[in-house]
$ cat target.cif   # mmCIF, N, CA and C atoms and all ligand atoms
data_coords
loop_
_atom_site.label_atom_id
_atom_site.label_comp_id
_atom_site.auth_asym_id
_atom_site.auth_seq_id
_atom_site.Cartn_x
_atom_site.Cartn_y
_atom_site.Cartn_z
N MET A 1 79.63 -114.18 4.17
CA MET A 1 79.11 -115.30 4.96
C MET A 1 79.60 -116.62 4.36
N SER A 2 80.07 -117.50 5.19
CA SER A 2 80.51 -118.81 4.72
C SER A 2 79.35 -119.79 4.84
N ILE A 3 79.19 -120.63 3.83
CA ILE A 3 78.10 -121.60 3.93
C ILE A 3 78.63 -122.93 4.46
N THR A 4 79.92 -123.00 4.72
CA THR A 4 80.54 -124.28 5.10
C THR A 4 79.91 -124.85 6.36
N ASP A 5 79.57 -123.98 7.30
CA ASP A 5 79.04 -124.46 8.58
C ASP A 5 77.52 -124.62 8.58
N ALA A 6 76.87 -124.18 7.50
CA ALA A 6 75.41 -124.19 7.48
C ALA A 6 74.89 -125.62 7.32
N PRO A 7 73.72 -125.91 7.89
CA PRO A 7 73.11 -127.22 7.66
C PRO A 7 72.85 -127.42 6.17
N ALA A 8 72.85 -128.68 5.73
CA ALA A 8 72.76 -128.98 4.30
C ALA A 8 71.57 -128.29 3.63
N ARG A 9 70.41 -128.28 4.33
CA ARG A 9 69.21 -127.76 3.69
C ARG A 9 69.19 -126.24 3.60
N ALA A 10 70.07 -125.57 4.33
CA ALA A 10 70.07 -124.11 4.34
C ALA A 10 70.86 -123.52 3.18
N ALA A 11 71.42 -124.40 2.35
CA ALA A 11 72.16 -123.89 1.19
C ALA A 11 71.82 -124.73 -0.03
N ARG A 12 71.84 -124.07 -1.17
CA ARG A 12 71.63 -124.80 -2.42
C ARG A 12 72.73 -124.40 -3.39
N SER A 13 73.06 -125.33 -4.28
CA SER A 13 74.07 -125.04 -5.27
C SER A 13 73.55 -125.44 -6.64
N GLY A 14 74.23 -124.92 -7.66
CA GLY A 14 73.83 -125.27 -9.01
C GLY A 14 74.95 -124.94 -9.98
N ARG A 15 74.77 -125.34 -11.22
CA ARG A 15 75.81 -125.07 -12.23
C ARG A 15 75.22 -125.23 -13.61
N CYS A 16 75.97 -124.72 -14.59
CA CYS A 16 75.59 -124.91 -15.98
C CYS A 16 75.94 -126.33 -16.41
N LEU A 17 75.57 -126.66 -17.63
CA LEU A 17 75.79 -128.01 -18.14
C LEU A 17 77.27 -128.41 -18.11
N CYS A 18 78.17 -127.52 -18.47
CA CYS A 18 79.60 -127.88 -18.53
C CYS A 18 80.32 -127.63 -17.21
N GLY A 19 79.72 -126.87 -16.30
CA GLY A 19 80.33 -126.63 -15.00
C GLY A 19 81.21 -125.39 -14.93
N SER A 20 81.36 -124.63 -16.02
CA SER A 20 82.19 -123.42 -15.98
C SER A 20 81.61 -122.36 -15.05
N ILE A 21 80.27 -122.34 -14.96
CA ILE A 21 79.60 -121.38 -14.08
C ILE A 21 78.90 -122.17 -12.99
N SER A 22 79.11 -121.76 -11.76
CA SER A 22 78.39 -122.41 -10.67
C SER A 22 78.01 -121.34 -9.65
N TYR A 23 77.15 -121.72 -8.74
CA TYR A 23 76.71 -120.76 -7.72
C TYR A 23 76.28 -121.53 -6.50
N GLN A 24 76.23 -120.82 -5.40
CA GLN A 24 75.59 -121.38 -4.22
C GLN A 24 74.91 -120.24 -3.48
N TYR A 25 73.78 -120.55 -2.89
CA TYR A 25 73.09 -119.53 -2.10
C TYR A 25 72.62 -120.14 -0.79
N THR A 26 72.44 -119.27 0.19
CA THR A 26 72.03 -119.73 1.52
C THR A 26 70.60 -119.28 1.78
N GLY A 27 69.94 -120.00 2.65
CA GLY A 27 68.59 -119.62 3.08
C GLY A 27 67.54 -119.93 2.03
N GLU A 28 66.33 -119.57 2.35
CA GLU A 28 65.22 -119.79 1.43
C GLU A 28 65.12 -118.64 0.44
N PRO A 29 64.69 -118.90 -0.79
CA PRO A 29 64.52 -117.81 -1.75
C PRO A 29 63.34 -116.91 -1.35
N ASP A 30 63.35 -115.68 -1.89
CA ASP A 30 62.22 -114.76 -1.65
C ASP A 30 60.95 -115.29 -2.31
N ALA A 31 61.10 -115.92 -3.46
CA ALA A 31 59.95 -116.44 -4.19
C ALA A 31 60.46 -117.38 -5.28
N VAL A 32 59.55 -118.22 -5.75
CA VAL A 32 59.83 -119.07 -6.91
C VAL A 32 58.70 -118.82 -7.90
N ILE A 33 59.04 -118.22 -9.04
CA ILE A 33 58.04 -117.75 -9.98
C ILE A 33 58.19 -118.48 -11.31
N VAL A 34 57.11 -119.09 -11.76
CA VAL A 34 57.10 -119.66 -13.10
C VAL A 34 56.73 -118.54 -14.08
N CYS A 35 57.58 -118.30 -15.07
CA CYS A 35 57.32 -117.22 -16.03
C CYS A 35 57.08 -117.79 -17.42
N HIS A 36 55.92 -117.43 -17.97
CA HIS A 36 55.53 -117.91 -19.30
C HIS A 36 55.79 -116.87 -20.38
N CYS A 37 56.53 -115.80 -20.08
CA CYS A 37 56.70 -114.73 -21.07
C CYS A 37 57.46 -115.24 -22.30
N GLY A 38 57.27 -114.53 -23.40
CA GLY A 38 57.88 -114.95 -24.65
C GLY A 38 59.40 -114.99 -24.59
N HIS A 39 60.01 -114.04 -23.88
CA HIS A 39 61.47 -114.04 -23.78
C HIS A 39 61.98 -115.23 -22.98
N CYS A 40 61.29 -115.57 -21.88
CA CYS A 40 61.72 -116.74 -21.11
C CYS A 40 61.58 -118.01 -21.94
N GLN A 41 60.51 -118.09 -22.73
CA GLN A 41 60.35 -119.28 -23.56
C GLN A 41 61.49 -119.39 -24.57
N ARG A 42 61.80 -118.26 -25.22
CA ARG A 42 62.84 -118.31 -26.25
C ARG A 42 64.23 -118.52 -25.63
N HIS A 43 64.48 -117.81 -24.53
CA HIS A 43 65.79 -117.89 -23.89
C HIS A 43 66.10 -119.30 -23.40
N THR A 44 65.08 -119.97 -22.86
CA THR A 44 65.30 -121.31 -22.33
C THR A 44 65.07 -122.40 -23.39
N GLY A 45 64.44 -122.01 -24.51
CA GLY A 45 64.08 -123.02 -25.50
C GLY A 45 63.04 -123.98 -24.97
N SER A 46 62.24 -123.50 -24.02
CA SER A 46 61.28 -124.36 -23.35
C SER A 46 59.94 -123.64 -23.25
N ALA A 47 58.99 -124.23 -22.53
CA ALA A 47 57.67 -123.64 -22.46
C ALA A 47 57.57 -122.51 -21.44
N PHE A 48 58.47 -122.49 -20.48
CA PHE A 48 58.46 -121.45 -19.43
C PHE A 48 59.79 -121.55 -18.70
N SER A 49 60.07 -120.56 -17.87
CA SER A 49 61.23 -120.73 -16.99
C SER A 49 60.77 -120.71 -15.54
N VAL A 50 61.51 -121.38 -14.70
CA VAL A 50 61.22 -121.42 -13.27
C VAL A 50 62.29 -120.58 -12.59
N ASN A 51 61.87 -119.43 -12.07
CA ASN A 51 62.79 -118.41 -11.59
C ASN A 51 62.81 -118.38 -10.06
N VAL A 52 63.99 -118.59 -9.51
CA VAL A 52 64.17 -118.62 -8.05
C VAL A 52 64.80 -117.28 -7.65
N LEU A 53 64.07 -116.48 -6.90
CA LEU A 53 64.53 -115.13 -6.55
C LEU A 53 65.34 -115.16 -5.25
N VAL A 54 66.62 -114.84 -5.39
CA VAL A 54 67.55 -114.92 -4.26
C VAL A 54 68.15 -113.53 -4.00
N PRO A 55 68.17 -113.08 -2.74
CA PRO A 55 68.84 -111.80 -2.46
C PRO A 55 70.31 -111.87 -2.88
N ARG A 56 70.78 -110.81 -3.51
CA ARG A 56 72.13 -110.80 -4.06
C ARG A 56 73.21 -111.07 -3.00
N ASP A 57 72.94 -110.61 -1.77
CA ASP A 57 73.98 -110.79 -0.75
C ASP A 57 73.99 -112.21 -0.17
N ARG A 58 73.13 -113.09 -0.69
CA ARG A 58 73.15 -114.47 -0.21
C ARG A 58 73.56 -115.47 -1.29
N ILE A 59 74.03 -114.95 -2.45
CA ILE A 59 74.46 -115.86 -3.51
C ILE A 59 75.90 -115.57 -3.89
N GLU A 60 76.62 -116.63 -4.14
CA GLU A 60 78.01 -116.52 -4.57
C GLU A 60 78.11 -117.21 -5.93
N ILE A 61 78.66 -116.48 -6.90
CA ILE A 61 78.74 -117.00 -8.27
C ILE A 61 80.19 -117.23 -8.62
N THR A 62 80.48 -118.38 -9.19
CA THR A 62 81.85 -118.71 -9.61
C THR A 62 81.86 -118.83 -11.13
N GLY A 63 82.84 -118.18 -11.77
CA GLY A 63 82.91 -118.18 -13.23
C GLY A 63 82.36 -116.88 -13.77
N THR A 64 82.53 -116.66 -15.06
CA THR A 64 82.10 -115.41 -15.68
C THR A 64 81.10 -115.70 -16.78
N PRO A 65 79.81 -115.54 -16.47
CA PRO A 65 78.82 -115.79 -17.52
C PRO A 65 78.83 -114.67 -18.56
N LYS A 66 78.34 -114.97 -19.74
CA LYS A 66 78.12 -113.96 -20.76
C LYS A 66 76.72 -113.40 -20.51
N SER A 67 76.53 -112.14 -20.88
CA SER A 67 75.27 -111.48 -20.60
C SER A 67 74.61 -111.00 -21.89
N TYR A 68 73.32 -111.19 -21.97
CA TYR A 68 72.54 -110.65 -23.09
C TYR A 68 71.39 -109.86 -22.51
N GLN A 69 71.28 -108.60 -22.93
CA GLN A 69 70.26 -107.74 -22.34
C GLN A 69 68.99 -107.75 -23.19
N THR A 70 67.87 -107.93 -22.52
CA THR A 70 66.59 -107.85 -23.23
C THR A 70 65.74 -106.74 -22.62
N THR A 71 64.79 -106.27 -23.41
CA THR A 71 63.83 -105.26 -22.97
C THR A 71 62.46 -105.91 -22.99
N GLY A 72 61.76 -105.88 -21.86
CA GLY A 72 60.43 -106.47 -21.81
C GLY A 72 59.53 -105.88 -22.89
N ALA A 73 58.92 -106.73 -23.70
CA ALA A 73 58.13 -106.26 -24.82
C ALA A 73 56.97 -105.38 -24.36
N GLU A 74 56.41 -105.68 -23.19
CA GLU A 74 55.22 -104.95 -22.76
C GLU A 74 55.47 -103.95 -21.65
N ASN A 75 56.55 -104.16 -20.87
CA ASN A 75 56.79 -103.20 -19.79
C ASN A 75 58.08 -102.41 -19.97
N GLY A 76 58.87 -102.75 -20.98
CA GLY A 76 60.08 -101.99 -21.27
C GLY A 76 61.21 -102.14 -20.27
N ASN A 77 61.05 -103.04 -19.27
CA ASN A 77 62.09 -103.21 -18.26
C ASN A 77 63.28 -103.99 -18.83
N LEU A 78 64.47 -103.60 -18.38
CA LEU A 78 65.69 -104.25 -18.87
C LEU A 78 66.03 -105.47 -18.01
N ARG A 79 66.47 -106.51 -18.68
CA ARG A 79 66.92 -107.72 -18.00
C ARG A 79 68.29 -108.12 -18.53
N ASP A 80 69.20 -108.47 -17.62
CA ASP A 80 70.46 -109.08 -18.04
C ASP A 80 70.30 -110.58 -17.92
N ARG A 81 70.33 -111.24 -19.06
CA ARG A 81 70.17 -112.70 -19.07
C ARG A 81 71.55 -113.32 -19.20
N LEU A 82 71.95 -114.00 -18.15
CA LEU A 82 73.32 -114.51 -18.07
C LEU A 82 73.34 -115.99 -18.43
N PHE A 83 74.31 -116.34 -19.27
CA PHE A 83 74.39 -117.73 -19.71
C PHE A 83 75.86 -118.12 -19.86
N CYS A 84 76.08 -119.41 -19.92
CA CYS A 84 77.46 -119.89 -20.05
C CYS A 84 77.94 -119.73 -21.48
N ARG A 85 79.10 -119.09 -21.64
CA ARG A 85 79.64 -118.86 -22.98
C ARG A 85 80.14 -120.15 -23.61
N ASP A 86 80.35 -121.19 -22.83
CA ASP A 86 80.85 -122.45 -23.38
C ASP A 86 79.72 -123.41 -23.76
N CYS A 87 78.76 -123.60 -22.86
CA CYS A 87 77.72 -124.60 -23.13
C CYS A 87 76.36 -123.97 -23.40
N GLY A 88 76.22 -122.65 -23.18
CA GLY A 88 74.98 -121.97 -23.54
C GLY A 88 73.85 -122.04 -22.54
N THR A 89 74.08 -122.70 -21.41
CA THR A 89 73.00 -122.83 -20.42
C THR A 89 72.57 -121.47 -19.87
N PRO A 90 71.27 -121.12 -19.95
CA PRO A 90 70.79 -119.93 -19.24
C PRO A 90 70.80 -120.22 -17.75
N ILE A 91 71.45 -119.38 -16.97
CA ILE A 91 71.66 -119.76 -15.58
C ILE A 91 71.15 -118.72 -14.59
N LEU A 92 71.29 -117.41 -14.91
CA LEU A 92 70.89 -116.36 -13.98
C LEU A 92 70.29 -115.20 -14.76
N THR A 93 69.41 -114.45 -14.10
CA THR A 93 68.87 -113.22 -14.69
C THR A 93 68.88 -112.13 -13.63
N VAL A 94 69.17 -110.90 -14.05
CA VAL A 94 69.07 -109.75 -13.15
C VAL A 94 68.10 -108.75 -13.77
N LEU A 95 67.09 -108.38 -12.99
CA LEU A 95 66.12 -107.37 -13.42
C LEU A 95 66.64 -106.00 -13.01
N HIS A 96 66.69 -105.05 -13.94
CA HIS A 96 67.25 -103.73 -13.59
C HIS A 96 66.42 -103.01 -12.54
N GLU A 97 65.12 -103.30 -12.51
CA GLU A 97 64.29 -102.63 -11.50
C GLU A 97 64.40 -103.30 -10.14
N ARG A 98 65.15 -104.39 -10.07
CA ARG A 98 65.29 -105.12 -8.81
C ARG A 98 66.75 -105.58 -8.66
N PRO A 99 67.68 -104.63 -8.61
CA PRO A 99 69.11 -105.00 -8.70
C PRO A 99 69.64 -105.76 -7.49
N ASP A 100 68.89 -105.78 -6.38
CA ASP A 100 69.36 -106.49 -5.19
C ASP A 100 68.98 -107.97 -5.20
N THR A 101 68.40 -108.41 -6.31
CA THR A 101 67.96 -109.80 -6.43
C THR A 101 68.65 -110.45 -7.61
N VAL A 102 69.07 -111.70 -7.42
CA VAL A 102 69.56 -112.50 -8.54
C VAL A 102 68.57 -113.62 -8.76
N ILE A 103 68.17 -113.81 -10.01
CA ILE A 103 67.22 -114.88 -10.34
C ILE A 103 67.99 -116.08 -10.85
N VAL A 104 67.78 -117.19 -10.18
CA VAL A 104 68.42 -118.45 -10.55
C VAL A 104 67.41 -119.27 -11.37
N LYS A 105 67.87 -119.83 -12.47
CA LYS A 105 67.00 -120.74 -13.23
C LYS A 105 66.97 -122.09 -12.53
N ALA A 106 65.77 -122.49 -12.09
CA ALA A 106 65.66 -123.66 -11.21
C ALA A 106 66.22 -124.93 -11.84
N GLY A 107 66.19 -125.01 -13.17
CA GLY A 107 66.70 -126.22 -13.83
C GLY A 107 68.19 -126.41 -13.67
N THR A 108 68.90 -125.36 -13.21
CA THR A 108 70.36 -125.49 -13.02
C THR A 108 70.73 -125.90 -11.60
N LEU A 109 69.75 -126.03 -10.71
CA LEU A 109 70.05 -126.44 -9.33
C LEU A 109 70.54 -127.89 -9.30
N ASP A 110 71.49 -128.16 -8.42
CA ASP A 110 71.94 -129.54 -8.26
C ASP A 110 70.83 -130.40 -7.68
N ASP A 111 70.03 -129.82 -6.79
CA ASP A 111 68.93 -130.57 -6.18
C ASP A 111 67.74 -129.64 -5.99
N PRO A 112 66.81 -129.65 -6.92
CA PRO A 112 65.67 -128.72 -6.84
C PRO A 112 64.53 -129.21 -5.95
N ARG A 113 64.69 -130.36 -5.31
CA ARG A 113 63.59 -130.88 -4.50
C ARG A 113 63.20 -129.91 -3.40
N GLY A 114 61.92 -129.80 -3.15
CA GLY A 114 61.44 -128.99 -2.04
C GLY A 114 61.19 -127.53 -2.37
N LEU A 115 61.50 -127.09 -3.61
CA LEU A 115 61.18 -125.71 -3.97
C LEU A 115 59.67 -125.56 -4.00
N GLU A 116 59.17 -124.46 -3.48
CA GLU A 116 57.73 -124.23 -3.52
C GLU A 116 57.41 -123.09 -4.46
N CYS A 117 56.67 -123.38 -5.51
CA CYS A 117 56.33 -122.35 -6.49
C CYS A 117 55.35 -121.36 -5.88
N SER A 118 55.66 -120.06 -5.96
CA SER A 118 54.82 -119.03 -5.36
C SER A 118 53.72 -118.54 -6.29
N ALA A 119 54.02 -118.44 -7.57
CA ALA A 119 53.05 -117.86 -8.51
C ALA A 119 53.50 -118.13 -9.94
N GLU A 120 52.55 -117.95 -10.86
CA GLU A 120 52.88 -118.01 -12.28
C GLU A 120 52.54 -116.67 -12.89
N VAL A 121 53.45 -116.16 -13.73
CA VAL A 121 53.24 -114.86 -14.37
C VAL A 121 53.25 -115.00 -15.89
N TRP A 122 52.72 -113.97 -16.54
CA TRP A 122 52.55 -113.94 -18.00
C TRP A 122 51.75 -115.15 -18.48
N TRP A 123 50.69 -115.44 -17.70
CA TRP A 123 49.84 -116.59 -18.04
C TRP A 123 49.25 -116.44 -19.44
N ARG A 124 49.00 -115.21 -19.88
CA ARG A 124 48.38 -115.07 -21.21
C ARG A 124 49.32 -115.47 -22.34
N ARG A 125 50.60 -115.66 -22.03
CA ARG A 125 51.55 -116.14 -23.04
C ARG A 125 51.81 -117.65 -22.91
N ALA A 126 51.16 -118.29 -21.94
CA ALA A 126 51.43 -119.71 -21.70
C ALA A 126 51.08 -120.54 -22.94
N GLN A 127 51.88 -121.54 -23.22
CA GLN A 127 51.56 -122.44 -24.32
C GLN A 127 50.23 -123.13 -24.01
N ASP A 128 49.46 -123.34 -25.07
CA ASP A 128 48.05 -123.66 -24.81
C ASP A 128 47.78 -125.08 -24.34
N TRP A 129 48.80 -125.90 -24.25
CA TRP A 129 48.60 -127.24 -23.69
C TRP A 129 48.84 -127.28 -22.18
N ILE A 130 49.27 -126.15 -21.61
CA ILE A 130 49.59 -126.14 -20.18
C ILE A 130 48.31 -125.96 -19.36
N GLU A 131 48.08 -126.89 -18.45
CA GLU A 131 46.89 -126.85 -17.60
C GLU A 131 47.14 -125.92 -16.43
N PRO A 132 46.17 -125.05 -16.10
CA PRO A 132 46.34 -124.22 -14.92
C PRO A 132 46.37 -125.04 -13.64
N HIS A 133 47.23 -124.66 -12.73
CA HIS A 133 47.31 -125.33 -11.44
C HIS A 133 46.09 -124.92 -10.62
N PRO A 134 45.44 -125.84 -9.89
CA PRO A 134 44.18 -125.51 -9.22
C PRO A 134 44.27 -124.40 -8.18
N ASN A 135 45.37 -124.30 -7.46
CA ASN A 135 45.39 -123.28 -6.40
C ASN A 135 46.69 -122.48 -6.32
N ARG A 136 47.34 -122.29 -7.43
CA ARG A 136 48.56 -121.46 -7.45
C ARG A 136 48.19 -120.09 -8.00
N PRO A 137 48.62 -118.99 -7.35
CA PRO A 137 48.32 -117.66 -7.89
C PRO A 137 48.86 -117.51 -9.31
N ARG A 138 48.04 -116.89 -10.14
CA ARG A 138 48.36 -116.79 -11.57
C ARG A 138 48.07 -115.37 -12.01
N PHE A 139 48.98 -114.78 -12.75
CA PHE A 139 48.81 -113.40 -13.24
C PHE A 139 48.90 -113.39 -14.75
N GLU A 140 48.01 -112.65 -15.38
CA GLU A 140 48.00 -112.58 -16.84
C GLU A 140 49.29 -111.97 -17.37
N GLY A 141 49.81 -110.97 -16.64
CA GLY A 141 51.08 -110.34 -17.02
C GLY A 141 52.05 -110.44 -15.85
N ASP A 142 52.78 -109.35 -15.59
CA ASP A 142 53.66 -109.31 -14.42
C ASP A 142 52.86 -109.46 -13.14
N ALA A 143 53.53 -109.89 -12.07
CA ALA A 143 52.83 -110.03 -10.80
C ALA A 143 52.42 -108.68 -10.25
N GLY A 144 53.06 -107.61 -10.74
CA GLY A 144 52.65 -106.25 -10.38
C GLY A 144 53.13 -105.79 -9.03
ZN ZN B 201 78.68 -124.16 -19.16
ZN ZN B 202 59.83 -114.30 -18.34
#

$ encode --input "target.cif" --output "structure tokens" --more "lines below"
Ligand SMILES: [Zn+2]
Ligand SMILES: [Zn+2]
Amino acid sequence: MSITDAPARAARSGRCLCGSISYQYTGEPDAVIVCHCGHCQRHTGSAFSVNVLVPRDRIEITGTPKSYQTTGAENGNLRDRLFCRDCGTPILTVLHERPDTVIVKAGTLDDPRGLECSAEVWWRRAQDWIEPHPNRPRFEGDAG
């Protein structure tokens, strides 16, 4: 599918800090999940990651990211964490139990405006200064 003819809002693009890796996807994501798990915190060097779930057949990736595989500490699931080998930006994740989905790190989007967060997961790992959102679904562990 070509995104050239699509209306501006029907496609989003993003890239790593140096631009070696870029991507574009069409349509709305399946979900936008804030993850507070320990691996997301360490991988991003931040308090949580904002994960945009995009069907694999709607995303086009340019460049060759390096991959680091992690095993979920509590569920044992494998994740391929893809990052730029030049600038180190974490950019994409693939869950082995969900191979038809590519997870985009929202901080790498060129324009993240208008994303709607669907839920927060691994709340029990959240850094203790983070205030719960009043009406966003929250799960202590995986969304299940
Ligand atoms: Zn880069
Ligand atoms: Zn996580």

$ closest_residue --input "target.cif" --among "A:Gly63, A:Gly88, A:Gly76, A:Gly45" --to "ligand ZN 201 (chain B)" --atoms "all atoms listed in the file"
A:Gly88

$ residues_near_ligand --input "target.cif" --ligand "ligand ZN 202 (chain B)" --cutoff "6.5 Å" --atoms "only N, CA and C atoms and all ligand atoms" --output "list of chain:residue names"
A:Cys35, A:His36, A:Cys37, A:Gly38, A:His39, A:Cys40, A:Gln41, A:Ser49

$ closest_residue --input "target.cif" --among "A:Pro55, A:Pro90, A:Gly114, A:Gly72" --to "ligand ZN 201 (chain B)" --atoms "only C-alpha atoms and all ligand atoms"
A:Pro90

$ residues_near_ligand --input "target.cif" --ligand "ligand ZN 201 (chain B)" --cutoff "12 Å" --atoms "only C-alpha atoms and all ligand atoms" --output "ChimeraX atom specification"
/A:14-22,62-66,82-91,108

$ residues_around --input "target.cif" --residues "A:Ile59" --least-positions-apart "5" --cutoff "8 Å" --atoms "only N, CA and C atoms" --output "list of chain:residue names"
A:Tyr23, A:Gln24, A:Tyr25, A:Thr26, A:Val54, A:Val102

$ atom_distance --input "target.cif" --atom1 "atom CA of A:Ala119" --atom2 "atom N of A:Val32"
7.1 Å

$ select_by_dssp --input "target.cif" --residues "chain A" --states "alpha helix (DSSP H)" --output "list of chain:residue names"
A:Gly38, A:His39, A:Cys40, A:Gln41, A:Arg42, A:His43, A:Thr44

$ atom_distance --input "target.cif" --atom1 "atom CA of A:Thr44" --atom2 "atom CA of A:Gly27"
25.7 Å

$ closest_residue --input "target.cif" --among "A:Asn51, A:Ser67, A:Asn77, A:Ser46" --to "A:Ala106" --atoms "all atoms listed in the file"
A:Asn51

$ closest_residue --input "target.cif" --among "A:Ala10, A:Cys117, A:Ile61, A:Ile103" --to "A:Arg81" --atoms "only C-alpha atoms"
A:Ile103

$ residues_around --input "target.cif" --residues "stretch 123-130 of chain A" --least-positions-apart "5" --cutoff "5 Å" --atoms "all atoms listed in the file" --output "PDB file with N, CA and C atoms, in the coordinates of the input"
ATOM      1  N   HIS A  36      55.920-117.430 -17.970  1.00  0.00           N
ATOM      2  CA  HIS A  36      55.530-117.910 -19.300  1.00  0.00           C
ATOM      3  C   HIS A  36      55.790-116.870 -20.380  1.00  0.00           C
ATOM      4  N   PHE A 139      48.980-114.780 -12.750  1.00  0.00           N
ATOM      5  CA  PHE A 139      48.810-113.400 -13.240  1.00  0.00           C
ATOM      6  C   PHE A 139      48.900-113.390 -14.750  1.00  0.00           C
ATOM      7  N   GLU A 140      48.010-112.650 -15.380  1.00  0.00           N
ATOM      8  CA  GLU A 140      48.000-112.580 -16.840  1.00  0.00           C
ATOM      9  C   GLU A 140      49.290-111.970 -17.370  1.00  0.00           C
ATOM     10  N   GLY A 141      49.810-110.970 -16.640  1.00  0.00           N
ATOM     11  CA  GLY A 141      51.080-110.340 -17.020  1.00  0.00           C
ATOM     12  C   GLY A 141      52.050-110.440 -15.850  1.00  0.00           C
TER      13      GLY A 141
END

$ residues_near_point --input "target.cif" --point "(69.6, -110.3, -17.6)" --cutoff "6 Å" --atoms "all atoms listed in the file" --output "list of chain:residue names"
A:Tyr68, A:Gln69, A:Thr70, A:Arg79, A:Asp80, A:Arg81, A:Leu82, A:Leu92, A:Thr93, A:Val94, A:Leu95

$ write_last_selection --input "target.cif" --atoms "N, CA and C atoms" --output "mmCIF file, keeping the file's coordinate frame"
data_model
loop_
_atom_site.group_PDB
_atom_site.id
_atom_site.type_symbol
_atom_site.label_atom_id
_atom_site.label_comp_id
_atom_site.auth_asym_id
_atom_site.auth_seq_id
_atom_site.Cartn_x
_atom_site.Cartn_y
_atom_site.Cartn_z
ATOM 1 N N TYR A 68 73.320 -111.190 -21.970
ATOM 2 C CA TYR A 68 72.540 -110.650 -23.090
ATOM 3 C C TYR A 68 71.390 -109.860 -22.510
ATOM 4 N N GLN A 69 71.280 -108.600 -22.930
ATOM 5 C CA GLN A 69 70.260 -107.740 -22.340
ATOM 6 C C GLN A 69 68.990 -107.750 -23.190
ATOM 7 N N THR A 70 67.870 -107.930 -22.520
ATOM 8 C CA THR A 70 66.590 -107.850 -23.230
ATOM 9 C C THR A 70 65.740 -106.740 -22.620
ATOM 10 N N ARG A 79 66.470 -106.510 -18.680
ATOM 11 C CA ARG A 79 66.920 -107.720 -18.000
ATOM 12 C C ARG A 79 68.290 -108.120 -18.530
ATOM 13 N N ASP A 80 69.200 -108.470 -17.620
ATOM 14 C CA ASP A 80 70.460 -109.080 -18.040
ATOM 15 C C ASP A 80 70.300 -110.580 -17.920
ATOM 16 N N ARG A 81 70.330 -111.240 -19.060
ATOM 17 C CA ARG A 81 70.170 -112.700 -19.070
ATOM 18 C C ARG A 81 71.550 -113.320 -19.200
ATOM 19 N N LEU A 82 71.950 -114.000 -18.150
ATOM 20 C CA LEU A 82 73.320 -114.510 -18.070
ATOM 21 C C LEU A 82 73.340 -115.990 -18.430
ATOM 22 N N LEU A 92 71.290 -117.410 -14.910
ATOM 23 C CA LEU A 92 70.890 -116.360 -13.980
ATOM 24 C C LEU A 92 70.290 -115.200 -14.760
ATOM 25 N N THR A 93 69.410 -114.450 -14.100
ATOM 26 C CA THR A 93 68.870 -113.220 -14.690
ATOM 27 C C THR A 93 68.880 -112.130 -13.630
ATOM 28 N N VAL A 94 69.170 -110.900 -14.050
ATOM 29 C CA VAL A 94 69.070 -109.750 -13.150
ATOM 30 C C VAL A 94 68.100 -108.750 -13.770
ATOM 31 N N LEU A 95 67.090 -108.380 -12.990
ATOM 32 C CA LEU A 95 66.120 -107.370 -13.420
ATOM 33 C C LEU A 95 66.640 -106.000 -13.010
#

$ select_by_dssp --input "target.cif" --residues "stretch 20-135 of chain A" --states "strand (DSSP E or B)" --output "number ranges by chain"
A: 22-26, 31-35, 49-55, 59-62, 66-71, 78-83, 90-95, 101-105, 109, 119-121

$ atom_distance --input "target.cif" --atom1 "atom CA of A:Arg138" --atom2 "atom CA of A:Arg58"
27.4 Å

$ closest_residue --input "target.cif" --among "A:Arg12, A:Val34, A:Val104, A:Leu109" --to "A:Ala143" --atoms "only C-alpha atoms"
A:Val34

$ closest_residue --input "target.cif" --among "A:Thr71, A:Val52, A:Ala11, A:Pro137" --to "A:Ser118" --atoms "all atoms listed in the file"
A:Pro137
